[in-house]
Amino acid sequence: MTFTPPLVLPHDVLRLVFEYAAEDNKTALKLVLVSHMTQRWVDRIIYAVVNLHRQTTCRAFIRTIESSPTKRRAFFETHVKALSIAYDIRDDDRTVKILSICRGVTSLTFWVVPVLRVIQPVASYPPFCLAGLHNNELAAALKPLRPKRLSGILYDVLGAPHPQFHLPFFASLTHLSIRNRWQDWVAWDGFHLLPQLTHLSFDFRVNPRNSSLKRNIAVARALQNVLAQCSTSLIVCAVLVLFEAKPSIAGAAAAVLQRLTKPDPRLVFIHDPEPFLDRGAHSLREEMIWELAKQAVHRQRTSAVNIVLEI
């Protein structure tokens with residue numbers, strides 16, 4: 001009887017197998033227990049995307065950073081590429097610490113936890129905002145970051161009520177999803193200062209019982225200015241209509257479109273019936289929205305007809 005030695009795969013092949021299997025989160029958590037070598041391979045996949053939507057997960061993540069025997073802080077700076085984090089003004093140290101460490105983030109989703117006690121009237125501020133409070137430590141933590149994709153409510157996170165698009169923080173953005181109320185972004189300027197921007201979206205919350213001519217004019221003027229300012233690099237400008245009844249979505253889009261002085265095929269209206277589903281900058285749903293919007297832009301260029309999409 002001849003003895004056949006067991007097949008031993010090269011490390012490069014083993015690594016590919018483990019990395020492929022680790023694409024499933026539950027499997028990845030088991031694979032890190034196989035050996036120290038496989039843990040090094042799989043950890044890079046596990047920590048590539050970090051979602052911290054609750055304070056409990058923020059605390060657990062910080063404990064990992066501070067107490068891990070196998071991962072130094074440089075690991076998180078290098079390997080955390082997509083970060084979704086909720087900022088709570090009542091417990092801001094954790095957010096500042098995490099942002100200060102994860103400086104290699106290229107995809108950032110930034111939420112602000114609403115607070116009950118505010119300095120200014122609640123009606124003056126959008127939901128999930130800092131209620132007029134400036135946080136220098138938070139601004140300092142964000143400034144070194146150079147995300148390519150950004151999604152969230154841009155309000156008072158870099159030391160100013162309105163986003164300062166000339167700052168280096170915004171210089172590398174290619175995809176920007178603005179979740180503020182339309183009352184905020186219609187007053188913004190400086191989108192032409194984003195040299196890499198190709199994909200831009202705005203949330204447009206409307207009330208079917210309150211169709212305002214003043215609102216439609218303000219939104220149309222703001223969109224017209226953005227499209228004119230970004231005439232070269234911008235591929236698509238998507239307007240996500242939220243909280244509008246489906247039968248009147250076309251009417252909401254038409255009310256704005258008819259106020260435009262010049263049609264632009266890059267402008268796409270999309271009805272989002274589930275605005276509370278994941279819209280993280282790195283999420284599959286966000287990628288699906290961008291893809292649908294680009295397809296609509298192509299159809300509008302060839303047909304010269306405005307298309308209203310339904311997710």
# chains A, B, ... in the order shown; residues from 1 in each chain; ligands from 1
call {"tool": "residues_around", "arguments": {"residues": "A:Thr70", "least_positions_apart": "4", "cutoff": "12 Å", "atoms": "only C-alpha atoms", "output": "NGL selection string"}}
result
:A and (32 or 36-37 or 39-40 or 43 or 64-66 or 74-76)
call {"tool": "write_last_selection", "arguments": {"atoms": "N, CA and C atoms", "output": "mmCIF file, in the first residue's frame"}}
result
data_model
loop_
_atom_site.group_PDB
_atom_site.id
_atom_site.type_symbol
_atom_site.label_atom_id
_atom_site.label_comp_id
_atom_site.auth_asym_id
_atom_site.auth_seq_id
_atom_site.Cartn_x
_atom_site.Cartn_y
_atom_site.Cartn_z
ATOM 1 N N VAL A 32 -12.162 33.407 12.439
ATOM 2 C CA VAL A 32 -11.094 34.052 13.216
ATOM 3 C C VAL A 32 -10.612 33.151 14.354
ATOM 4 N N HIS A 36 -4.192 31.866 14.514
ATOM 5 C CA HIS A 36 -3.738 33.257 14.502
ATOM 6 C C HIS A 36 -3.529 33.751 13.072
ATOM 7 N N MET A 37 -3.081 32.857 12.210
ATOM 8 C CA MET A 37 -2.849 33.246 10.822
ATOM 9 C C MET A 37 -4.156 33.611 10.122
ATOM 10 N N GLN A 39 -6.883 34.487 11.525
ATOM 11 C CA GLN A 39 -7.444 35.673 12.171
ATOM 12 C C GLN A 39 -6.910 36.945 11.526
ATOM 13 N N ARG A 40 -5.617 36.948 11.210
ATOM 14 C CA ARG A 40 -5.040 38.121 10.549
ATOM 15 C C ARG A 40 -5.672 38.341 9.180
ATOM 16 N N ASP A 43 -9.696 39.286 9.913
ATOM 17 C CA ASP A 43 -9.936 40.549 10.636
ATOM 18 C C ASP A 43 -10.006 41.734 9.684
ATOM 19 N N THR A 64 -12.613 47.231 22.067
ATOM 20 C CA THR A 64 -11.785 46.419 21.181
ATOM 21 C C THR A 64 -10.510 47.163 20.801
ATOM 22 N N ILE A 65 -10.647 48.431 20.474
ATOM 23 C CA ILE A 65 -9.479 49.232 20.090
ATOM 24 C C ILE A 65 -8.474 49.318 21.238
ATOM 25 N N GLU A 66 -8.990 49.527 22.441
ATOM 26 C CA GLU A 66 -8.110 49.780 23.577
ATOM 27 C C GLU A 66 -7.548 48.523 24.217
ATOM 28 N N ALA A 74 -3.064 51.321 14.806
ATOM 29 C CA ALA A 74 -2.734 51.482 13.389
ATOM 30 C C ALA A 74 -3.543 50.529 12.512
ATOM 31 N N PHE A 75 -3.931 49.379 13.059
ATOM 32 C CA PHE A 75 -4.759 48.428 12.298
ATOM 33 C C PHE A 75 -6.076 49.082 11.912
ATOM 34 N N PHE A 76 -6.720 49.754 12.853
ATOM 35 C CA PHE A 76 -8.030 50.362 12.588
ATOM 36 C C PHE A 76 -7.891 51.569 11.668
#
call {"tool": "select_by_dssp", "arguments": {"residues": "stretch 72-306 of chain A", "states": "strand (DSSP E or B)", "output": "PyMOL selection string"}}
result
chain A and resi 82-87+107-112+149-152+175-178+199-205+236-242+267-271
call {"tool": "write_last_selection", "arguments": {"atoms": "C-alpha atoms", "output": "compact mmCIF listing (two decimals), in the first residue's frame"}}
result
# COMPACT_ATOMS: atom_id res chain seq x y z
CA ALA A 82 -16.47 52.26 5.64
CA LEU A 83 -17.80 53.77 8.85
CA SER A 84 -21.40 54.48 9.81
CA ILE A 85 -21.64 56.25 13.14
CA ALA A 86 -24.27 58.06 15.17
CA TYR A 87 -23.11 61.08 17.11
CA SER A 107 -16.95 55.88 3.00
CA LEU A 108 -18.58 57.78 5.86
CA THR A 109 -22.17 57.83 7.06
CA PHE A 110 -22.70 60.36 9.81
CA TRP A 111 -25.86 60.64 11.88
CA VAL A 112 -26.63 62.92 14.77
CA ARG A 149 -18.44 58.76 -0.24
CA LEU A 150 -20.45 60.70 2.32
CA SER A 151 -24.05 60.25 3.43
CA GLY A 152 -25.88 61.96 6.26
CA HIS A 175 -20.59 60.50 -4.01
CA LEU A 176 -22.53 62.84 -1.72
CA SER A 177 -25.97 62.04 -0.27
CA ILE A 178 -27.49 64.97 1.60
CA HIS A 199 -22.92 61.62 -7.86
CA LEU A 200 -25.11 63.95 -5.78
CA SER A 201 -28.47 63.35 -4.11
CA PHE A 202 -30.86 65.42 -2.03
CA ASP A 203 -33.66 64.29 0.25
CA PHE A 204 -36.90 66.12 -0.54
CA ARG A 205 -39.50 65.61 2.19
CA VAL A 236 -26.22 62.48 -11.86
CA CYS A 237 -28.22 64.64 -9.45
CA ALA A 238 -30.92 62.57 -7.77
CA VAL A 239 -33.80 64.03 -5.77
CA LEU A 240 -35.31 61.45 -3.42
CA VAL A 241 -38.92 62.36 -2.72
CA LEU A 242 -39.91 61.15 0.75
CA LEU A 267 -31.65 65.57 -12.80
CA VAL A 268 -33.63 62.50 -11.72
CA PHE A 269 -36.57 62.29 -9.30
CA ILE A 270 -36.90 59.08 -7.31
CA HIS A 271 -39.72 58.08 -4.98
call {"tool": "closest_residue", "arguments": {"among": "A:Gln258, A:Ser172, A:Asn207, A:Ser212", "to": "A:Leu193", "atoms": "only C-alpha atoms"}}
result
A:Ser172
call {"tool": "residues_around", "arguments": {"residues": "A:Thr56", "least_positions_apart": "3", "cutoff": "12 Å", "atoms": "only C-alpha atoms", "output": "PyMOL selection string"}}
result
chain A and resi 51-53+59-63+85-86+88+91+94
call {"tool": "residues_around", "arguments": {"residues": "A:Pro265", "least_positions_apart": "6", "cutoff": "8 Å", "atoms": "only C-alpha atoms", "output": "number ranges by chain"}}
result
A: 297-298, 300-301, 304, 306
call {"tool": "write_last_selection", "arguments": {"atoms": "N, CA, C and O atoms", "output": "short mmCIF file (atom, residue, chain, number, x, y, z; two decimals), in the first residue's frame"}}
result
data_model
loop_
_atom_site.label_atom_id
_atom_site.label_comp_id
_atom_site.auth_asym_id
_atom_site.auth_seq_id
_atom_site.Cartn_x
_atom_site.Cartn_y
_atom_site.Cartn_z
N VAL A 297 -30.76 58.76 -16.25
CA VAL A 297 -30.07 59.85 -16.95
C VAL A 297 -29.84 59.47 -18.41
O VAL A 297 -30.07 60.27 -19.33
N HIS A 298 -29.41 58.25 -18.64
CA HIS A 298 -29.19 57.79 -20.02
C HIS A 298 -30.48 57.81 -20.82
O HIS A 298 -30.49 58.27 -21.98
N GLN A 300 -33.10 59.67 -20.24
CA GLN A 300 -33.55 61.05 -20.43
C GLN A 300 -32.73 61.75 -21.52
O GLN A 300 -33.24 62.61 -22.23
N ARG A 301 -31.47 61.38 -21.64
CA ARG A 301 -30.65 61.98 -22.70
C ARG A 301 -31.12 61.54 -24.08
O ARG A 301 -31.06 62.33 -25.04
N ALA A 304 -35.43 62.65 -24.12
CA ALA A 304 -35.82 64.02 -23.77
C ALA A 304 -37.12 64.06 -22.97
O ALA A 304 -37.87 65.03 -23.04
N ASN A 306 -38.69 63.47 -19.02
CA ASN A 306 -38.34 63.31 -17.61
C ASN A 306 -38.94 62.04 -17.05
O ASN A 306 -40.13 61.73 -17.26
#
call {"tool": "residues_around", "arguments": {"residues": "stretch 166-169 of chain A", "least_positions_apart": "6", "cutoff": "10 Å", "atoms": "only C-alpha atoms", "output": "PyMOL selection string"}}
result
chain A and resi 142-148+158+190-195
call {"tool": "atom_distance", "arguments": {"atom1": "atom CA of A:Leu292", "atom2": "atom CA of A:Asn216"}}
result
24.1 Å
call {"tool": "residues_around", "arguments": {"residues": "A:Lys97", "least_positions_apart": "6", "cutoff": "10 Å", "atoms": "only C-alpha atoms", "output": "number ranges by chain"}}
result
A: 62, 137-138, 141
call {"tool": "select_by_dssp", "arguments": {"residues": "stretch 242-283 of chain A", "states": "alpha helix (DSSP H)", "output": "PyMOL selection string"}}
result
chain A and resi 249-257
call {"tool": "closest_residue", "arguments": {"among": "A:Arg215, A:Lys81, A:Arg259, A:Arg279", "to": "A:Arg179", "atoms": "only C-alpha atoms"}}
result
A:Arg279
call {"tool": "closest_residue", "arguments": {"among": "A:Leu213, A:Ser283, A:Leu173, A:Asp93", "to": "A:Asn136", "atoms": "only C-alpha atoms"}}
result
A:Asp93
